[in-house]
file data-v1.cif (mmCIF, N, CA, C and O atoms)
data_work
#
loop_
_atom_site.label_atom_id
_atom_site.label_comp_id
_atom_site.auth_asym_id
_atom_site.auth_seq_id
_atom_site.Cartn_x
_atom_site.Cartn_y
_atom_site.Cartn_z
N MET R 1 -31.98 -39.09 3.92
CA MET R 1 -31.18 -38.21 4.70
C MET R 1 -31.62 -36.78 4.51
O MET R 1 -31.88 -36.36 3.39
N ARG R 2 -31.67 -36.08 5.59
CA ARG R 2 -32.08 -34.68 5.54
C ARG R 2 -30.87 -33.78 5.47
O ARG R 2 -29.91 -33.97 6.20
N ARG R 3 -30.90 -32.83 4.56
CA ARG R 3 -29.81 -31.88 4.46
C ARG R 3 -30.08 -30.67 5.30
O ARG R 3 -31.17 -30.14 5.30
N ARG R 4 -29.10 -30.27 6.05
CA ARG R 4 -29.24 -29.06 6.85
C ARG R 4 -28.65 -27.89 6.09
O ARG R 4 -27.55 -27.98 5.55
N THR R 5 -29.35 -26.84 6.08
CA THR R 5 -28.83 -25.63 5.44
C THR R 5 -28.99 -24.47 6.39
O THR R 5 -29.90 -24.44 7.21
N SER R 6 -28.08 -23.57 6.29
CA SER R 6 -28.17 -22.35 7.08
C SER R 6 -28.77 -21.27 6.20
O SER R 6 -28.45 -21.16 5.03
N ARG R 7 -29.60 -20.50 6.79
CA ARG R 7 -30.20 -19.40 6.04
C ARG R 7 -30.00 -18.12 6.80
O ARG R 7 -30.28 -18.04 7.99
N TYR R 8 -29.49 -17.14 6.11
CA TYR R 8 -29.28 -15.84 6.70
C TYR R 8 -30.11 -14.84 5.92
O TYR R 8 -30.12 -14.84 4.70
N LYS R 9 -30.78 -14.00 6.63
CA LYS R 9 -31.57 -12.97 5.99
C LYS R 9 -30.90 -11.63 6.19
O LYS R 9 -30.45 -11.31 7.30
N VAL R 10 -30.81 -10.91 5.12
CA VAL R 10 -30.24 -9.57 5.18
C VAL R 10 -31.33 -8.60 4.77
O VAL R 10 -31.91 -8.72 3.70
N ARG R 11 -31.59 -7.66 5.65
CA ARG R 11 -32.62 -6.66 5.36
C ARG R 11 -31.93 -5.38 4.93
O ARG R 11 -31.01 -4.90 5.56
N VAL R 12 -32.38 -4.83 3.85
CA VAL R 12 -31.82 -3.58 3.34
C VAL R 12 -32.96 -2.59 3.17
O VAL R 12 -34.02 -2.93 2.67
N GLY R 13 -32.69 -1.37 3.56
CA GLY R 13 -33.68 -0.32 3.35
C GLY R 13 -34.51 -0.07 4.58
O GLY R 13 -34.56 -0.85 5.52
N GLY R 14 -35.11 1.10 4.56
CA GLY R 14 -36.06 1.43 5.61
C GLY R 14 -35.43 1.83 6.93
O GLY R 14 -36.11 1.90 7.94
N GLY R 15 -34.15 2.09 6.97
CA GLY R 15 -33.56 2.47 8.25
C GLY R 15 -32.23 3.15 8.08
O GLY R 15 -31.67 3.19 7.01
N GLY R 16 -31.76 3.67 9.17
CA GLY R 16 -30.49 4.36 9.16
C GLY R 16 -29.31 3.43 8.99
O GLY R 16 -28.22 3.86 8.63
N ASP R 17 -29.51 2.14 9.26
CA ASP R 17 -28.41 1.20 9.15
C ASP R 17 -27.86 1.12 7.73
O ASP R 17 -26.66 1.11 7.52
N SER R 18 -28.74 1.05 6.75
CA SER R 18 -28.27 0.94 5.37
C SER R 18 -27.60 2.23 4.92
O SER R 18 -26.61 2.20 4.19
N GLU R 19 -28.09 3.36 5.39
CA GLU R 19 -27.47 4.64 5.03
C GLU R 19 -26.09 4.74 5.65
O GLU R 19 -25.15 5.22 5.03
N ALA R 20 -25.96 4.26 6.87
CA ALA R 20 -24.66 4.27 7.54
C ALA R 20 -23.68 3.35 6.82
O ALA R 20 -22.50 3.67 6.67
N LEU R 21 -24.17 2.21 6.36
CA LEU R 21 -23.33 1.27 5.63
C LEU R 21 -22.84 1.89 4.33
O LEU R 21 -21.66 1.79 3.99
N VAL R 22 -23.72 2.52 3.60
CA VAL R 22 -23.34 3.17 2.34
C VAL R 22 -22.30 4.27 2.59
O VAL R 22 -21.32 4.40 1.87
N ALA R 23 -22.50 5.05 3.65
CA ALA R 23 -21.55 6.12 3.98
C ALA R 23 -20.20 5.53 4.33
O ALA R 23 -19.15 6.03 3.89
N TRP R 24 -20.19 4.44 5.11
CA TRP R 24 -18.94 3.81 5.49
C TRP R 24 -18.22 3.25 4.27
O TRP R 24 -17.01 3.39 4.12
N LEU R 25 -18.96 2.59 3.38
CA LEU R 25 -18.36 2.04 2.16
C LEU R 25 -17.76 3.14 1.30
O LEU R 25 -16.69 2.98 0.73
N SER R 26 -18.44 4.28 1.22
CA SER R 26 -17.92 5.40 0.43
C SER R 26 -16.62 5.93 1.02
O SER R 26 -15.67 6.20 0.30
N ARG R 27 -16.58 6.08 2.35
CA ARG R 27 -15.36 6.56 3.00
C ARG R 27 -14.21 5.57 2.82
O ARG R 27 -13.07 5.94 2.56
N THR R 28 -14.52 4.29 2.96
CA THR R 28 -13.50 3.26 2.82
C THR R 28 -12.94 3.23 1.40
O THR R 28 -11.73 3.16 1.21
N ALA R 29 -13.81 3.29 0.43
CA ALA R 29 -13.36 3.29 -0.97
C ALA R 29 -12.50 4.51 -1.26
O ALA R 29 -11.48 4.42 -1.95
N ALA R 30 -12.88 5.66 -0.73
CA ALA R 30 -12.10 6.88 -0.95
C ALA R 30 -10.73 6.77 -0.31
O ALA R 30 -9.72 7.19 -0.89
N SER R 31 -10.66 6.18 0.87
CA SER R 31 -9.36 6.05 1.53
C SER R 31 -8.46 5.06 0.81
O SER R 31 -7.24 5.21 0.81
N LEU R 32 -9.03 4.04 0.19
CA LEU R 32 -8.23 3.08 -0.55
C LEU R 32 -7.62 3.70 -1.80
O LEU R 32 -6.56 3.28 -2.26
N LYS R 33 -8.29 4.68 -2.36
CA LYS R 33 -7.81 5.34 -3.57
C LYS R 33 -6.81 6.44 -3.26
O LYS R 33 -6.25 7.02 -4.17
N SER R 34 -6.59 6.74 -1.99
CA SER R 34 -5.78 7.90 -1.64
C SER R 34 -4.31 7.57 -1.42
O SER R 34 -3.69 8.09 -0.52
N SER R 35 -3.76 6.69 -2.24
CA SER R 35 -2.34 6.42 -2.11
C SER R 35 -1.57 7.65 -2.60
O SER R 35 -2.04 8.39 -3.45
N LYS R 36 -0.40 7.84 -2.03
CA LYS R 36 0.38 9.02 -2.36
C LYS R 36 1.73 8.60 -2.91
O LYS R 36 2.24 7.54 -2.61
N LYS R 37 2.30 9.50 -3.72
CA LYS R 37 3.64 9.27 -4.24
C LYS R 37 4.63 9.98 -3.34
O LYS R 37 4.48 11.15 -3.04
N HIS R 38 5.63 9.23 -2.91
CA HIS R 38 6.67 9.76 -2.04
C HIS R 38 8.02 9.59 -2.72
O HIS R 38 8.27 8.56 -3.36
N GLU R 39 8.87 10.58 -2.54
CA GLU R 39 10.20 10.52 -3.14
C GLU R 39 11.26 10.37 -2.05
O GLU R 39 11.22 11.08 -1.03
N PHE R 40 12.18 9.45 -2.27
CA PHE R 40 13.25 9.17 -1.32
C PHE R 40 14.59 9.27 -2.02
O PHE R 40 14.71 8.97 -3.21
N SER R 41 15.59 9.68 -1.26
CA SER R 41 16.96 9.63 -1.73
C SER R 41 17.58 8.38 -1.12
O SER R 41 17.51 8.18 0.09
N VAL R 42 18.17 7.54 -1.96
CA VAL R 42 18.79 6.30 -1.49
C VAL R 42 20.20 6.24 -2.08
O VAL R 42 20.39 6.45 -3.28
N ASP R 43 21.19 5.99 -1.24
CA ASP R 43 22.58 5.97 -1.67
C ASP R 43 22.88 4.72 -2.49
O ASP R 43 23.52 3.78 -2.02
N MET R 44 22.42 4.73 -3.75
CA MET R 44 22.62 3.60 -4.67
C MET R 44 23.77 3.96 -5.61
O MET R 44 23.80 5.06 -6.16
N THR R 45 24.69 3.03 -5.78
CA THR R 45 25.83 3.29 -6.65
C THR R 45 25.89 2.37 -7.86
O THR R 45 26.65 2.64 -8.79
N CYS R 46 25.09 1.30 -7.84
CA CYS R 46 25.16 0.34 -8.95
C CYS R 46 23.83 -0.38 -9.12
O CYS R 46 22.89 -0.17 -8.36
N GLU R 47 23.78 -1.24 -10.11
CA GLU R 47 22.57 -2.01 -10.38
C GLU R 47 22.25 -2.96 -9.24
O GLU R 47 21.08 -3.23 -8.95
N GLY R 48 23.27 -3.45 -8.56
CA GLY R 48 23.05 -4.32 -7.41
C GLY R 48 22.29 -3.60 -6.31
O GLY R 48 21.42 -4.17 -5.65
N CYS R 49 22.62 -2.31 -6.13
CA CYS R 49 21.91 -1.49 -5.13
C CYS R 49 20.43 -1.34 -5.52
O CYS R 49 19.54 -1.46 -4.68
N SER R 50 20.19 -1.04 -6.79
CA SER R 50 18.80 -0.86 -7.23
C SER R 50 18.04 -2.18 -7.17
O SER R 50 16.85 -2.21 -6.87
N ASN R 51 18.74 -3.30 -7.39
CA ASN R 51 18.09 -4.62 -7.24
C ASN R 51 17.72 -4.88 -5.78
O ASN R 51 16.68 -5.48 -5.50
N ALA R 52 18.56 -4.43 -4.86
CA ALA R 52 18.25 -4.59 -3.43
C ALA R 52 17.01 -3.78 -3.06
O ALA R 52 16.15 -4.26 -2.32
N VAL R 53 16.90 -2.56 -3.60
CA VAL R 53 15.72 -1.73 -3.36
C VAL R 53 14.48 -2.40 -3.93
O VAL R 53 13.44 -2.49 -3.28
N THR R 54 14.61 -2.91 -5.14
CA THR R 54 13.49 -3.62 -5.77
C THR R 54 13.05 -4.81 -4.92
O THR R 54 11.85 -5.02 -4.69
N ARG R 55 14.01 -5.56 -4.42
CA ARG R 55 13.70 -6.76 -3.63
C ARG R 55 12.93 -6.42 -2.34
O ARG R 55 11.90 -7.02 -2.05
N VAL R 56 13.40 -5.40 -1.59
CA VAL R 56 12.73 -5.09 -0.32
C VAL R 56 11.35 -4.47 -0.54
O VAL R 56 10.43 -4.72 0.23
N LEU R 57 11.21 -3.67 -1.60
CA LEU R 57 9.89 -3.07 -1.86
C LEU R 57 8.89 -4.11 -2.34
O LEU R 57 7.72 -4.07 -1.97
N ASN R 58 9.34 -5.03 -3.18
CA ASN R 58 8.44 -6.11 -3.62
C ASN R 58 8.03 -7.00 -2.45
O ASN R 58 6.89 -7.46 -2.39
N LYS R 59 8.95 -7.21 -1.53
CA LYS R 59 8.63 -8.02 -0.35
C LYS R 59 7.61 -7.32 0.55
O LYS R 59 6.74 -7.96 1.13
N LEU R 60 7.71 -5.99 0.63
CA LEU R 60 6.74 -5.22 1.42
C LEU R 60 5.35 -5.35 0.82
O LEU R 60 4.37 -5.54 1.53
N GLY R 61 5.24 -5.24 -0.49
CA GLY R 61 3.96 -5.35 -1.19
C GLY R 61 3.15 -4.07 -1.09
O GLY R 61 3.41 -3.20 -0.27
N GLY R 62 2.16 -3.97 -1.96
CA GLY R 62 1.27 -2.81 -1.96
C GLY R 62 1.95 -1.52 -2.41
O GLY R 62 1.55 -0.44 -1.99
N VAL R 63 2.98 -1.66 -3.24
CA VAL R 63 3.71 -0.49 -3.70
C VAL R 63 3.93 -0.55 -5.21
O VAL R 63 4.00 -1.63 -5.79
N GLN R 64 4.00 0.61 -5.79
CA GLN R 64 4.47 0.76 -7.17
C GLN R 64 5.60 1.76 -7.07
O GLN R 64 5.49 2.75 -6.34
N PHE R 65 6.68 1.53 -7.79
CA PHE R 65 7.83 2.40 -7.61
C PHE R 65 8.64 2.55 -8.89
O PHE R 65 8.55 1.72 -9.80
N GLU R 66 9.40 3.62 -8.92
CA GLU R 66 10.34 3.88 -10.01
C GLU R 66 11.68 4.19 -9.37
O GLU R 66 11.76 4.95 -8.42
N ILE R 67 12.72 3.61 -9.92
CA ILE R 67 14.07 3.84 -9.41
C ILE R 67 14.85 4.66 -10.44
O ILE R 67 14.92 4.29 -11.61
N ASP R 68 15.39 5.77 -9.99
CA ASP R 68 16.24 6.64 -10.81
C ASP R 68 17.66 6.50 -10.28
O ASP R 68 18.09 7.24 -9.41
N LEU R 69 18.37 5.51 -10.82
CA LEU R 69 19.71 5.19 -10.32
C LEU R 69 20.71 6.35 -10.49
O LEU R 69 21.42 6.68 -9.54
N PRO R 70 20.77 7.01 -11.66
CA PRO R 70 21.75 8.10 -11.80
C PRO R 70 21.55 9.24 -10.78
O PRO R 70 22.52 9.83 -10.32
N ASN R 71 20.30 9.52 -10.44
CA ASN R 71 20.01 10.60 -9.48
C ASN R 71 19.83 10.09 -8.05
O ASN R 71 19.52 10.87 -7.15
N LYS R 72 19.96 8.77 -7.87
CA LYS R 72 19.85 8.14 -6.55
C LYS R 72 18.51 8.44 -5.87
O LYS R 72 18.45 8.76 -4.69
N LYS R 73 17.43 8.33 -6.65
CA LYS R 73 16.09 8.61 -6.12
C LYS R 73 15.16 7.44 -6.37
O LYS R 73 15.29 6.73 -7.38
N VAL R 74 14.22 7.26 -5.45
CA VAL R 74 13.18 6.24 -5.58
C VAL R 74 11.85 6.92 -5.34
O VAL R 74 11.66 7.58 -4.30
N CYS R 75 10.94 6.81 -6.30
CA CYS R 75 9.60 7.37 -6.17
C CYS R 75 8.64 6.20 -5.92
O CYS R 75 8.57 5.27 -6.72
N ILE R 76 7.92 6.26 -4.80
CA ILE R 76 7.06 5.15 -4.39
C ILE R 76 5.62 5.62 -4.28
O ILE R 76 5.31 6.60 -3.61
N ASP R 77 4.73 4.89 -4.94
CA ASP R 77 3.29 5.14 -4.86
C ASP R 77 2.72 4.06 -3.95
O ASP R 77 2.74 2.87 -4.29
N SER R 78 2.25 4.47 -2.75
CA SER R 78 1.82 3.48 -1.77
C SER R 78 0.92 4.09 -0.72
O SER R 78 0.95 5.30 -0.50
N GLU R 79 0.17 3.23 -0.05
CA GLU R 79 -0.65 3.65 1.09
C GLU R 79 0.10 3.44 2.39
O GLU R 79 -0.38 3.84 3.45
N HIS R 80 1.27 2.82 2.34
CA HIS R 80 2.08 2.63 3.54
C HIS R 80 2.55 3.98 4.06
O HIS R 80 2.71 4.94 3.29
N SER R 81 2.81 4.06 5.35
CA SER R 81 3.29 5.31 5.94
C SER R 81 4.73 5.58 5.46
O SER R 81 5.46 4.67 5.06
N VAL R 82 5.12 6.84 5.54
CA VAL R 82 6.47 7.23 5.17
C VAL R 82 7.48 6.50 6.04
O VAL R 82 8.53 6.04 5.55
N ASP R 83 7.18 6.37 7.33
CA ASP R 83 8.09 5.66 8.25
C ASP R 83 8.30 4.22 7.83
O ASP R 83 9.42 3.71 7.86
N THR R 84 7.23 3.55 7.42
CA THR R 84 7.32 2.16 6.97
C THR R 84 8.16 2.06 5.71
O THR R 84 9.02 1.19 5.58
N LEU R 85 7.91 2.97 4.77
CA LEU R 85 8.67 2.95 3.51
C LEU R 85 10.15 3.23 3.76
O LEU R 85 11.02 2.57 3.19
N LEU R 86 10.44 4.20 4.62
CA LEU R 86 11.82 4.55 4.93
C LEU R 86 12.54 3.38 5.62
O LEU R 86 13.67 3.04 5.27
N ALA R 87 11.87 2.77 6.58
CA ALA R 87 12.46 1.61 7.27
C ALA R 87 12.72 0.47 6.29
O ALA R 87 13.74 -0.22 6.38
N THR R 88 11.81 0.28 5.34
CA THR R 88 11.97 -0.77 4.34
C THR R 88 13.18 -0.49 3.45
O THR R 88 13.98 -1.38 3.18
N LEU R 89 13.32 0.75 3.01
CA LEU R 89 14.47 1.11 2.18
C LEU R 89 15.78 0.95 2.93
O LEU R 89 16.79 0.53 2.35
N LYS R 90 15.78 1.23 4.22
CA LYS R 90 17.01 1.11 5.01
C LYS R 90 17.42 -0.35 5.23
O LYS R 90 18.56 -0.63 5.58
N LYS R 91 16.49 -1.28 5.00
CA LYS R 91 16.82 -2.71 5.11
C LYS R 91 17.84 -3.12 4.06
O LYS R 91 18.45 -4.18 4.17
N THR R 92 18.03 -2.30 3.04
CA THR R 92 19.03 -2.60 2.01
C THR R 92 20.44 -2.37 2.52
O THR R 92 21.40 -2.79 1.88
N GLY R 93 20.59 -1.68 3.64
CA GLY R 93 21.90 -1.33 4.16
C GLY R 93 22.42 -0.01 3.62
O GLY R 93 23.50 0.44 3.97
N LYS R 94 21.63 0.60 2.75
CA LYS R 94 22.01 1.89 2.17
C LYS R 94 21.36 3.01 2.99
O LYS R 94 20.29 2.84 3.55
N SER R 95 22.02 4.16 3.01
CA SER R 95 21.40 5.30 3.69
C SER R 95 20.25 5.81 2.82
O SER R 95 20.35 5.83 1.60
N ALA R 96 19.17 6.17 3.48
CA ALA R 96 17.98 6.65 2.77
C ALA R 96 17.36 7.80 3.55
O ALA R 96 17.41 7.83 4.77
N SER R 97 16.79 8.74 2.81
CA SER R 97 16.10 9.87 3.45
C SER R 97 14.87 10.23 2.62
O SER R 97 14.82 10.00 1.42
N TYR R 98 13.90 10.80 3.32
CA TYR R 98 12.64 11.19 2.70
C TYR R 98 12.79 12.59 2.11
O TYR R 98 13.21 13.52 2.80
N LEU R 99 12.43 12.74 0.83
CA LEU R 99 12.52 14.05 0.18
C LEU R 99 11.19 14.80 0.17
O LEU R 99 11.18 16.02 0.10
N GLY R 100 10.09 14.06 0.20
CA GLY R 100 8.77 14.70 0.22
C GLY R 100 7.80 14.03 -0.75
O GLY R 100 8.15 13.08 -1.45
N GLU R 101 6.59 14.58 -0.79
CA GLU R 101 5.58 14.05 -1.73
C GLU R 101 5.91 14.54 -3.12
O GLU R 101 6.44 15.62 -3.31
N LYS R 102 5.57 13.72 -4.07
CA LYS R 102 5.82 14.09 -5.46
C LYS R 102 4.54 14.39 -6.15
O LYS R 102 3.54 13.85 -5.94
#
call {"tool": "encode", "arguments": {"input": "data-v1.cif", "output": "structure tokens"}}
result
Amino acid sequence: MRRRTSRYKVRVGGGGDSEALVAWLSRTAASLKSSKKHEFSVDMTCEGCSNAVTRVLNKLGGVQFEIDLPNKKVCIDSEHSVDTLLATLKKTGKSASYLGEK
């Protein structure tokens, strides 16, 4: 029996294509590292409220966050847009507002 194999050749060097690829990879890597910290005010009154915030943010994914229950603030480090983060926080049923970058 004869085995069929696929062979793909990749040529690197000697042209503008590889330079363009390297430039694109550099831009993409830089944009992935550019997550920002955003601060939100969320009307949390108890641990149940902070658990609801934790649940919706974990479900969204791609976020790191800190909850300051006494001050009713949530600091989120994420690449998601502010609108997406705000809409996610409002899914808890609590009022939420954007305070700015931290």
call {"tool": "resolve_selection", "arguments": {"input": "data-v1.cif", "expression": "the PyMOL selection byres (((chain R and resi 45-56 and name CA) around 10) and name CA)", "output": "PyMOL selection string"}}
result
chain R and resi 42-44+57-61+65-74+85+88-94
call {"tool": "write_last_selection", "arguments": {"input": "data-v1.cif", "atoms": "N, CA, C and O atoms", "output": "short mmCIF file (atom, residue, chain, number, x, y, z; two decimals), keeping the file's coordinate frame"}}
result
data_model
loop_
_atom_site.label_atom_id
_atom_site.label_comp_id
_atom_site.auth_asym_id
_atom_site.auth_seq_id
_atom_site.Cartn_x
_atom_site.Cartn_y
_atom_site.Cartn_z
N VAL R 42 18.17 7.54 -1.96
CA VAL R 42 18.79 6.30 -1.49
C VAL R 42 20.20 6.24 -2.08
O VAL R 42 20.39 6.45 -3.28
N ASP R 43 21.19 5.99 -1.24
CA ASP R 43 22.58 5.97 -1.67
C ASP R 43 22.88 4.72 -2.49
O ASP R 43 23.52 3.78 -2.02
N MET R 44 22.42 4.73 -3.75
CA MET R 44 22.62 3.60 -4.67
C MET R 44 23.77 3.96 -5.61
O MET R 44 23.80 5.06 -6.16
N LEU R 57 11.21 -3.67 -1.60
CA LEU R 57 9.89 -3.07 -1.86
C LEU R 57 8.89 -4.11 -2.34
O LEU R 57 7.72 -4.07 -1.97
N ASN R 58 9.34 -5.03 -3.18
CA ASN R 58 8.44 -6.11 -3.62
C ASN R 58 8.03 -7.00 -2.45
O ASN R 58 6.89 -7.46 -2.39
N LYS R 59 8.95 -7.21 -1.53
CA LYS R 59 8.63 -8.02 -0.35
C LYS R 59 7.61 -7.32 0.55
O LYS R 59 6.74 -7.96 1.13
N LEU R 60 7.71 -5.99 0.63
CA LEU R 60 6.74 -5.22 1.42
C LEU R 60 5.35 -5.35 0.82
O LEU R 60 4.37 -5.54 1.53
N GLY R 61 5.24 -5.24 -0.49
CA GLY R 61 3.96 -5.35 -1.19
C GLY R 61 3.15 -4.07 -1.09
O GLY R 61 3.41 -3.20 -0.27
N PHE R 65 6.68 1.53 -7.79
CA PHE R 65 7.83 2.40 -7.61
C PHE R 65 8.64 2.55 -8.89
O PHE R 65 8.55 1.72 -9.80
N GLU R 66 9.40 3.62 -8.92
CA GLU R 66 10.34 3.88 -10.01
C GLU R 66 11.68 4.19 -9.37
O GLU R 66 11.76 4.95 -8.42
N ILE R 67 12.72 3.61 -9.92
CA ILE R 67 14.07 3.84 -9.41
C ILE R 67 14.85 4.66 -10.44
O ILE R 67 14.92 4.29 -11.61
N ASP R 68 15.39 5.77 -9.99
CA ASP R 68 16.24 6.64 -10.81
C ASP R 68 17.66 6.50 -10.28
O ASP R 68 18.09 7.24 -9.41
N LEU R 69 18.37 5.51 -10.82
CA LEU R 69 19.71 5.19 -10.32
C LEU R 69 20.71 6.35 -10.49
O LEU R 69 21.42 6.68 -9.54
N PRO R 70 20.77 7.01 -11.66
CA PRO R 70 21.75 8.10 -11.80
C PRO R 70 21.55 9.24 -10.78
O PRO R 70 22.52 9.83 -10.32
N ASN R 71 20.30 9.52 -10.44
CA ASN R 71 20.01 10.60 -9.48
C ASN R 71 19.83 10.09 -8.05
O ASN R 71 19.52 10.87 -7.15
N LYS R 72 19.96 8.77 -7.87
CA LYS R 72 19.85 8.14 -6.55
C LYS R 72 18.51 8.44 -5.87
O LYS R 72 18.45 8.76 -4.69
N LYS R 73 17.43 8.33 -6.65
CA LYS R 73 16.09 8.61 -6.12
C LYS R 73 15.16 7.44 -6.37
O LYS R 73 15.29 6.73 -7.38
N VAL R 74 14.22 7.26 -5.45
CA VAL R 74 13.18 6.24 -5.58
C VAL R 74 11.85 6.92 -5.34
O VAL R 74 11.66 7.58 -4.30
N LEU R 85 7.91 2.97 4.77
CA LEU R 85 8.67 2.95 3.51
C LEU R 85 10.15 3.23 3.76
O LEU R 85 11.02 2.57 3.19
N THR R 88 11.81 0.28 5.34
CA THR R 88 11.97 -0.77 4.34
C THR R 88 13.18 -0.49 3.45
O THR R 88 13.98 -1.38 3.18
N LEU R 89 13.32 0.75 3.01
CA LEU R 89 14.47 1.11 2.18
C LEU R 89 15.78 0.95 2.93
O LEU R 89 16.79 0.53 2.35
N LYS R 90 15.78 1.23 4.22
CA LYS R 90 17.01 1.11 5.01
C LYS R 90 17.42 -0.35 5.23
O LYS R 90 18.56 -0.63 5.58
N LYS R 91 16.49 -1.28 5.00
CA LYS R 91 16.82 -2.71 5.11
C LYS R 91 17.84 -3.12 4.06
O LYS R 91 18.45 -4.18 4.17
N THR R 92 18.03 -2.30 3.04
CA THR R 92 19.03 -2.60 2.01
C THR R 92 20.44 -2.37 2.52
O THR R 92 21.40 -2.79 1.88
N GLY R 93 20.59 -1.68 3.64
CA GLY R 93 21.90 -1.33 4.16
C GLY R 93 22.42 -0.01 3.62
O GLY R 93 23.50 0.44 3.97
N LYS R 94 21.63 0.60 2.75
CA LYS R 94 22.01 1.89 2.17
C LYS R 94 21.36 3.01 2.99
O LYS R 94 20.29 2.84 3.55
#
call {"tool": "atom_distance", "arguments": {"input": "data-v1.cif", "atom1": "atom C of Ala20 in chain R", "atom2": "atom N of Ser35 in chain R"}}
result
22.1 Å
call {"tool": "residues_around", "arguments": {"input": "data-v1.cif", "residues": "Gln64 in chain R", "least_positions_apart": "2", "cutoff": "7 Å", "atoms": "all atoms listed in the file", "output": "ChimeraX atom specification"}}
result
/R:36,61-62,66,75-78
call {"tool": "atom_distance", "arguments": {"input": "data-v1.cif", "atom1": "atom N of Lys37 in chain R", "atom2": "CA of Ser95 in chain R"}}
result
20.9 Å
call {"tool": "atom_distance", "arguments": {"input": "data-v1.cif", "atom1": "atom O of Ala87 in chain R", "atom2": "atom C of Phe40 in chain R"}}
result
12.7 Å
